[in-house]
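Input: a single structure, listed below in structure tokens.
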Amino acid sequence: MDNNKNEKINILADLLFPDISETIDVLKKKFPERNIDKNSEVTRFAPSPTGFLHTGSLFTALVSFLTAKTTNGVFYIRLEDTDTKRKVENSENSFLKELKIFNIIADEGIEEGGKYAPYKQSERIKIYHTVIKELIKKELAYVCFCTAEDLDEIRDIQKANKQITGYYGNYARCRYLSIDEVINRVKNNEHYVIRFKSNGNHENKIKLYDEIRKFISIAENDIDIVILKKDGLPTYHFAHVVDDHFMHTTTVIRGEEWISSFPIHAQLFSALNWKMPKYAHLPLISKNDNGKKRKLSKRFDPEATVNFFLQEGYPIESVLAYLMSIINNSFEEWVLKKKFKDMFSFPFSINKINLDSTLFDIKKLKFFSREFLSTISAEEMTKRVLEYAQTYDKNLEALIQKDKKFFTQIMNIERNQDNPRKDYFAFKYIEKTIAFFYDEKYDTMFKNGIIFDEKIDKKIVIDALKDFLEVNNVSILENEWFDLMKTIALKNNFAINNKEYKENSHNFVGNMADFINIIRVAITGSKISPNLYCVLKILGKNKVANRVQKNILQLGAK
RNA sequence: GGUCUUAUAGUCAAACGGUUAAGACGUAGCUCUCUCAAUGCUAAGACACGGGUUCGACUCCCGUUAAGAUCACCA
């Protein structure tokens, strides 16, 4: 009797996959075990090309990369492009490029190639079909003709009965179809999917091991999941199992959202008699939204896509440092001490990752940025700002290119000292802070009106500026220059001793800060600027004189 | 709603059965006899709640509560 049935199953299998002649054993020989050390990890990053690189994906990629790197293993990239509806053209190039910008370099992948190619799921269809054909023959998978409407109906019944929804047990109608009927319907070109025949029992609790969370107790999967879609492409669950098996991944690193389908994957591995890789489910990166925690979303949160950081001009080091400080908090101290050098050599360990999801904290990122940018040289700074400007800000690019040395001097203000300035955190905002150095920008500010401290009489402002103009000289040392300023301040009845001023403020026009501020405002158009001596030195005697004169005229005219 | 996961200050996070419960970001104040940035110092701020176990619990167990994830022919 079985002979007859087996024959029919074979007919069906050939009907379903006429082109497939290979067996799993052939695949096994094609993709042999990796020749690597026992303790080395093989990890992968498996994104779907649905748009831009998500910040959470970068996080996952980083952890995967680091895991491979610290164990002398292999890190590869596999494109999960089986969702033809959501696929966005060219997005694979953009995120591959972005990953490279962050120095996350794959050993194997779409571009790099490798022994286990192809690394694109859409090009691996034959492999999936081979496995499924065998599954059909072993009666571990079956053809299902249920339409969306059929599935809705099943779900409605289940809901009405307060049962768990899904295609399982007696609800799995097509499981019980006769082979003859299946053959006929396939021959009639009816649409179908292929489902895995689950032997699980929802009442059974199984223990699955997660590298970060340890044992997870969870119900066995009893749902007959779709493994091959109507369009002939595999679903994630199936493709993941097949690919990670034949590519010999040792640790699957992915987001926490996959925990619930963990039993499905475990079941698939066991049915195929394949060794399960290790799994690590990473916490999600979330955001506080009116007191509610939620996953970072591309629609609402600009920082959800990696592109945001690039556009804002956050240095990659600080983004990586921030992400790594989520993985392991002791990283922070370590990276600061090392001044951001060799970040990837951090003694990293995956099981120290925190279990709770993380709220994205842009302030912390800014902190890392300030720290990092204060460690690099002015020349490096110029180079980076220019690189940024070339793709994101043409005006800024022109400004820098006009006089690179001048720009570098500006970047060098209070940089080479024990406690360097830390006022830059992203390249996008640099132009605004240094605009006053450029005459054309200064002129616009001047036209719009420069506002001096209103508590100081206009006449005094003019006198102070006139006196300053007379001694305008920056070819002296800073303390000499400051002494010089004190003399003029004193002459104009400003207190050069702050203690004295505090005790008898009514005897003076203002203090030294007020005096310097008059000049600062005249030169920079703002009460806020870096060290004035440095500013004057960069601008040079003539420009300084011009600006001061303009102000005297303007003030006098009123 | 079912299932799973998680629970230390606003955020990130140490502590692994015995501590005055670290540290960082952020916030506030002081400091720096030029503002700002920085530096240095200081301050405020936490073990979700309730039961056990134990001489002793942030730590182990059980509830409760809350938050998150997931329940597709999407990954």
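Chain labels follow the order of the structure tokens: the first chain is A, the next B, and so on; residue numbering restarts at 1 in every chain, and ligands are counted from 1 in their shown order.
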
Show me a table, sorted first by chain and then by increasing residue number, of the residues of chain B having an atom at most 8 Å from chain A, each with its shortest atom pair and the distance in Å to one decimal, counting only C-alpha atoms (C1' of nucleotides) and written as CSV.
residue,atom,partner,partner_atom,distance
B:G2,C1',A:Ile164,CA,6.9
B:U3,C1',A:Ala219,CA,7.8
B:C4,C1',A:Ser260,CA,6.2
B:U6,C1',A:Asp356,CA,5.4
B:U11,C1',A:Asp361,CA,6.5
B:C12,C1',A:Ile326,CA,6.8
B:A13,C1',A:Asn329,CA,6.1
B:A24,C1',A:Glu332,CA,7.6
B:C25,C1',A:Lys364,CA,5.1
B:G26,C1',A:Lys363,CA,7.2
B:U33,C1',A:Asn498,CA,5.6
B:C34,C1',A:Ala513,CA,4.8
B:U35,C1',A:Ile528,CA,5.4
B:C36,C1',A:Ile528,CA,5.0
B:A37,C1',A:Asp423,CA,5.0
B:A38,C1',A:Arg421,CA,5.3
B:U39,C1',A:Asn419,CA,6.4
B:A67,C1',A:Lys293,CA,7.2
B:G68,C1',A:Lys293,CA,7.3
B:A69,C1',A:Glu257,CA,5.3
B:U70,C1',A:Ser260,CA,5.6
B:C71,C1',A:Thr165,CA,7.7
B:C73,C1',A:Lys229,CA,4.7
B:C74,C1',A:Asp83,CA,6.9
B:A75,C1',A:Tyr236,CA,6.2

A43 in chain B surroundings by only C-alpha atoms (C1' of nucleotides), 12 Å radius, close-in-sequence under 4 positions cut, as a short mmCIF file (atom, residue, chain, number, x, y, z; two decimals) with N, CA and C atoms (P, O5', C5', C4', C3', O3' and C1' of nucleotides), in the first residue's frame:
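selection-v6.cif, written as the output of this step:
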data_model
loop_
_atom_site.label_atom_id
_atom_site.label_comp_id
_atom_site.auth_asym_id
_atom_site.auth_seq_id
_atom_site.Cartn_x
_atom_site.Cartn_y
_atom_site.Cartn_z
P U B 27 22.31 69.68 30.41
"O5'" U B 27 21.47 69.79 31.76
"C5'" U B 27 20.05 69.76 31.72
"C4'" U B 27 19.49 69.80 33.12
"C3'" U B 27 20.08 70.87 34.03
"O3'" U B 27 19.49 72.14 33.78
"C1'" U B 27 20.00 68.83 35.20
P A B 28 20.43 73.42 33.85
"O5'" A B 28 20.58 73.63 35.43
"C5'" A B 28 19.44 73.94 36.21
"C4'" A B 28 19.83 73.97 37.67
"C3'" A B 28 21.05 74.81 37.99
"O3'" A B 28 20.74 76.18 38.10
"C1'" A B 28 21.24 72.71 39.05
P G B 29 21.87 77.26 37.77
"O5'" G B 29 22.83 77.17 39.03
"C5'" G B 29 22.38 77.62 40.30
"C4'" G B 29 23.40 77.28 41.35
"C3'" G B 29 24.80 77.82 41.12
"O3'" G B 29 24.91 79.18 41.49
"C1'" G B 29 24.95 75.56 41.76
P C B 30 25.90 80.13 40.70
"O5'" C B 30 27.32 79.70 41.31
"C5'" C B 30 27.62 79.98 42.67
"C4'" C B 30 28.84 79.20 43.09
"C3'" C B 30 30.12 79.53 42.34
"O3'" C B 30 30.74 80.72 42.81
"C1'" C B 30 29.91 77.19 42.49
#

From a DSSP calculation on the backbone, collect every residue of range 144-342 of chain A in strand (DSSP E or B) and output the set as a PyMOL selection string.
-> chain A and resi 144+168+193-196+205-210+214-219+223+226-228+234+251-255+278-282+285-289+292-295+305

Serialized selection, N, CA and C atoms, as a short mmCIF file (atom, residue, chain, number, x, y, z; two decimals), in the first residue's frame:
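Result file follows (out21.cif):
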data_model
loop_
_atom_site.label_atom_id
_atom_site.label_comp_id
_atom_site.auth_asym_id
_atom_site.auth_seq_id
_atom_site.Cartn_x
_atom_site.Cartn_y
_atom_site.Cartn_z
N CYS A 144 -0.80 23.66 0.23
CA CYS A 144 -2.00 24.27 0.82
C CYS A 144 -2.62 25.24 -0.18
N TYR A 168 -3.42 25.29 12.24
CA TYR A 168 -2.88 24.16 13.00
C TYR A 168 -3.97 23.10 13.20
N VAL A 193 0.47 27.40 -1.63
CA VAL A 193 1.71 27.63 -0.86
C VAL A 193 2.13 26.28 -0.31
N ILE A 194 3.34 26.21 0.20
CA ILE A 194 3.75 24.97 0.85
C ILE A 194 3.97 25.23 2.33
N ARG A 195 3.37 24.37 3.13
CA ARG A 195 3.45 24.53 4.57
C ARG A 195 4.26 23.41 5.20
N PHE A 196 4.89 23.75 6.28
CA PHE A 196 5.61 22.75 7.05
C PHE A 196 4.60 22.03 7.94
N LYS A 205 5.90 22.73 26.84
CA LYS A 205 6.84 23.84 27.01
C LYS A 205 8.23 23.31 26.69
N ILE A 206 8.91 24.05 25.87
CA ILE A 206 10.29 23.66 25.60
C ILE A 206 11.22 24.75 26.13
N LYS A 207 12.44 24.37 26.37
CA LYS A 207 13.43 25.35 26.83
C LYS A 207 14.40 25.62 25.71
N LEU A 208 14.48 26.89 25.33
CA LEU A 208 15.42 27.27 24.28
C LEU A 208 16.50 28.15 24.89
N TYR A 209 17.71 27.97 24.41
CA TYR A 209 18.81 28.71 25.01
C TYR A 209 19.17 29.93 24.20
N ASP A 210 19.26 31.03 24.89
CA ASP A 210 19.68 32.28 24.27
C ASP A 210 20.97 32.73 24.94
N LYS A 214 19.86 33.43 28.49
CA LYS A 214 19.88 32.06 29.03
C LYS A 214 18.60 31.31 28.61
N PHE A 215 18.10 30.40 29.45
CA PHE A 215 16.98 29.58 29.00
C PHE A 215 15.67 30.36 28.92
N ILE A 216 14.99 30.14 27.83
CA ILE A 216 13.67 30.73 27.66
C ILE A 216 12.68 29.57 27.60
N SER A 217 11.68 29.63 28.43
CA SER A 217 10.68 28.57 28.43
C SER A 217 9.51 29.02 27.57
N ILE A 218 9.19 28.22 26.57
CA ILE A 218 8.22 28.69 25.59
C ILE A 218 7.47 27.49 25.00
N ALA A 219 6.25 27.75 24.55
CA ALA A 219 5.43 26.65 24.02
C ALA A 219 5.97 26.17 22.67
N ILE A 223 1.89 25.38 14.75
CA ILE A 223 1.29 25.97 13.56
C ILE A 223 2.04 25.51 12.32
N VAL A 226 3.88 28.64 6.68
CA VAL A 226 4.19 28.65 5.25
C VAL A 226 5.70 28.67 5.10
N ILE A 227 6.23 27.79 4.30
CA ILE A 227 7.67 27.86 4.05
C ILE A 227 7.97 28.32 2.62
N LEU A 228 7.00 28.09 1.72
CA LEU A 228 7.17 28.59 0.35
C LEU A 228 5.91 29.35 -0.04
N PRO A 234 10.80 31.60 -0.60
CA PRO A 234 10.63 31.08 0.76
C PRO A 234 10.26 32.19 1.72
N THR A 251 26.59 31.60 15.35
CA THR A 251 25.69 32.34 16.24
C THR A 251 24.81 33.28 15.43
N VAL A 252 23.51 33.10 15.59
CA VAL A 252 22.55 33.98 14.94
C VAL A 252 22.29 35.14 15.88
N ILE A 253 22.63 36.34 15.43
CA ILE A 253 22.42 37.52 16.26
C ILE A 253 21.35 38.37 15.60
N ARG A 254 20.28 38.61 16.31
CA ARG A 254 19.15 39.35 15.74
C ARG A 254 18.39 40.05 16.85
N GLY A 255 17.42 40.84 16.45
CA GLY A 255 16.66 41.61 17.43
C GLY A 255 15.71 40.75 18.25
N LYS A 278 23.89 28.76 17.68
CA LYS A 278 23.58 29.47 18.92
C LYS A 278 22.76 30.71 18.54
N TYR A 279 21.97 31.19 19.45
CA TYR A 279 21.16 32.39 19.18
C TYR A 279 21.42 33.46 20.22
N ALA A 280 21.40 34.70 19.77
CA ALA A 280 21.47 35.82 20.71
C ALA A 280 20.46 36.86 20.26
N HIS A 281 19.51 37.14 21.12
CA HIS A 281 18.49 38.14 20.79
C HIS A 281 18.79 39.44 21.49
N LEU A 282 19.06 40.44 20.70
CA LEU A 282 19.48 41.74 21.20
C LEU A 282 18.30 42.60 21.65
N ILE A 285 16.26 49.03 20.28
CA ILE A 285 16.51 50.44 20.58
C ILE A 285 15.18 51.16 20.45
N SER A 286 14.77 51.78 21.53
CA SER A 286 13.45 52.41 21.54
C SER A 286 13.56 53.91 21.76
N LYS A 287 12.40 54.48 21.89
CA LYS A 287 12.34 55.91 22.08
C LYS A 287 11.20 56.21 23.03
N ASN A 288 11.37 57.23 23.83
CA ASN A 288 10.32 57.63 24.74
C ASN A 288 9.37 58.56 24.00
N ASP A 289 8.13 58.14 23.89
CA ASP A 289 7.16 58.93 23.16
C ASP A 289 6.02 59.24 24.10
N LYS A 292 5.58 56.81 26.72
CA LYS A 292 5.47 55.42 26.25
C LYS A 292 6.75 55.05 25.53
N LYS A 293 7.17 53.84 25.79
CA LYS A 293 8.36 53.34 25.13
C LYS A 293 7.92 52.70 23.82
N ARG A 294 8.63 53.01 22.77
CA ARG A 294 8.32 52.30 21.53
C ARG A 294 9.56 52.17 20.68
N LYS A 295 9.48 51.21 19.77
CA LYS A 295 10.59 50.96 18.87
C LYS A 295 10.86 52.21 18.04
N THR A 305 17.04 56.19 11.26
CA THR A 305 17.85 55.74 10.13
C THR A 305 19.27 56.27 10.29
#

Considering only C-alpha atoms (C1' of nucleotides), return as an mmCIF file with N, CA and C atoms, in the first residue's frame whatever protein or nucleic-acid residues lie within 9 Å of range 264-276 of chain A, sequence-local ones (same chain, fewer than 5 positions apart) excluded.
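Saved the output as selection-v9.cif:
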data_model
loop_
_atom_site.group_PDB
_atom_site.id
_atom_site.type_symbol
_atom_site.label_atom_id
_atom_site.label_comp_id
_atom_site.auth_asym_id
_atom_site.auth_seq_id
_atom_site.Cartn_x
_atom_site.Cartn_y
_atom_site.Cartn_z
ATOM 1 N N VAL A 131 15.463 21.620 -0.821
ATOM 2 C CA VAL A 131 15.143 21.174 0.534
ATOM 3 C C VAL A 131 13.644 20.879 0.648
ATOM 4 N N LEU A 135 11.432 17.604 1.656
ATOM 5 C CA LEU A 135 10.459 17.681 2.749
ATOM 6 C C LEU A 135 9.105 17.122 2.299
ATOM 7 N N LEU A 140 6.912 15.868 5.308
ATOM 8 C CA LEU A 140 7.101 16.855 6.374
ATOM 9 C C LEU A 140 6.567 18.224 5.943
ATOM 10 N N PHE A 196 4.893 23.746 6.277
ATOM 11 C CA PHE A 196 5.613 22.747 7.049
ATOM 12 C C PHE A 196 4.603 22.034 7.943
ATOM 13 N N SER A 198 3.726 20.651 11.111
ATOM 14 C CA SER A 198 4.236 20.697 12.481
ATOM 15 C C SER A 198 3.797 19.478 13.280
ATOM 16 N N ASN A 199 4.729 18.932 14.000
ATOM 17 C CA ASN A 199 4.371 17.841 14.902
ATOM 18 C C ASN A 199 4.367 18.317 16.360
ATOM 19 N N GLY A 200 4.401 19.629 16.509
ATOM 20 C CA GLY A 200 4.493 20.181 17.865
ATOM 21 C C GLY A 200 3.158 20.228 18.582
ATOM 22 N N LEU A 208 14.484 26.886 25.327
ATOM 23 C CA LEU A 208 15.424 27.266 24.275
ATOM 24 C C LEU A 208 16.498 28.148 24.886
ATOM 25 N N GLU A 220 5.839 24.898 22.457
ATOM 26 C CA GLU A 220 6.239 24.303 21.191
ATOM 27 C C GLU A 220 5.361 24.873 20.072
ATOM 28 N N ASN A 221 5.918 24.957 18.895
ATOM 29 C CA ASN A 221 5.125 25.465 17.779
ATOM 30 C C ASN A 221 4.239 24.376 17.208
ATOM 31 N N ASP A 222 2.955 24.667 17.060
ATOM 32 C CA ASP A 222 2.066 23.675 16.452
ATOM 33 C C ASP A 222 1.417 24.213 15.183
ATOM 34 N N ILE A 223 1.886 25.376 14.752
ATOM 35 C CA ILE A 223 1.290 25.972 13.557
ATOM 36 C C ILE A 223 2.041 25.507 12.319
ATOM 37 N N ILE A 225 3.434 26.462 9.502
ATOM 38 C CA ILE A 225 3.833 27.728 8.880
ATOM 39 C C ILE A 225 4.094 27.550 7.388
ATOM 40 N N HIS A 237 11.320 32.446 7.881
ATOM 41 C CA HIS A 237 11.591 31.336 8.800
ATOM 42 C C HIS A 237 12.354 30.218 8.120
ATOM 43 N N PHE A 238 11.897 29.898 6.930
ATOM 44 C CA PHE A 238 12.515 28.789 6.223
ATOM 45 C C PHE A 238 13.884 29.168 5.650
ATOM 46 N N HIS A 240 15.910 31.425 6.603
ATOM 47 C CA HIS A 240 16.871 31.592 7.691
ATOM 48 C C HIS A 240 17.496 30.255 8.064
ATOM 49 N N VAL A 241 16.650 29.259 8.267
ATOM 50 C CA VAL A 241 17.134 27.950 8.702
ATOM 51 C C VAL A 241 18.045 27.316 7.636
ATOM 52 N N VAL A 242 17.573 27.362 6.403
ATOM 53 C CA VAL A 242 18.353 26.764 5.315
ATOM 54 C C VAL A 242 19.687 27.489 5.126
ATOM 55 N N HIS A 245 22.149 27.224 7.968
ATOM 56 C CA HIS A 245 22.718 25.878 8.007
ATOM 57 C C HIS A 245 23.812 25.714 6.958
ATOM 58 N N THR A 250 27.524 30.156 13.177
ATOM 59 C CA THR A 250 27.597 29.560 14.516
ATOM 60 C C THR A 250 26.701 30.294 15.513
#

Using DSSP on the backbone, list every residue of range 386-527 of chain A that comes out as helix (DSSP H, G or I), and give them as a ChimeraX atom specification.
-> /A:386-392,394-402,404-411,427-437,439-447,458-470,478-491,498-503,505-507,512-524

Please indicate the distance in Å from C1' of U5 in chain B to CA of Thr60 in chain A, rounded to one decimal place.
-> 18.2 Å

Near G17 in chain B, counting only C-alpha atoms (C1' of nucleotides), which residues have an atom at most 8 Å away, once you skip same-chain residues fewer than 4 positions from it, shown as a ChimeraX atom specification?
-> /B:56-57,59

Contacts of C62 in chain B at 12 Å (only C-alpha atoms (C1' of nucleotides); same-chain gap of 6+ positions) as a list in words =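 So the residues in contact are G50, G51, G52 and U53 of chain B.
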
Best match for closeness to His191 in chain A among A:Met324, A:Leu16, A:Ile430, A:Ile212, counting only C-alpha atoms =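 Smallest distance to His191 in chain A is found for A:Leu16.
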
Return the single residue from A:Asn472, A:Ser21, A:Thr433, A:Gln158 that is closest to His129 in chain A, with distances computed using only C-alpha atoms.
->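 Closest to His129 in chain A of all the choices is A:Ser21.
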
Would you work out the distance separating CA of Leu553 in chain A from CA of Phe446 in chain A, expressed in Å to one decimal?
-> 12.1 Å
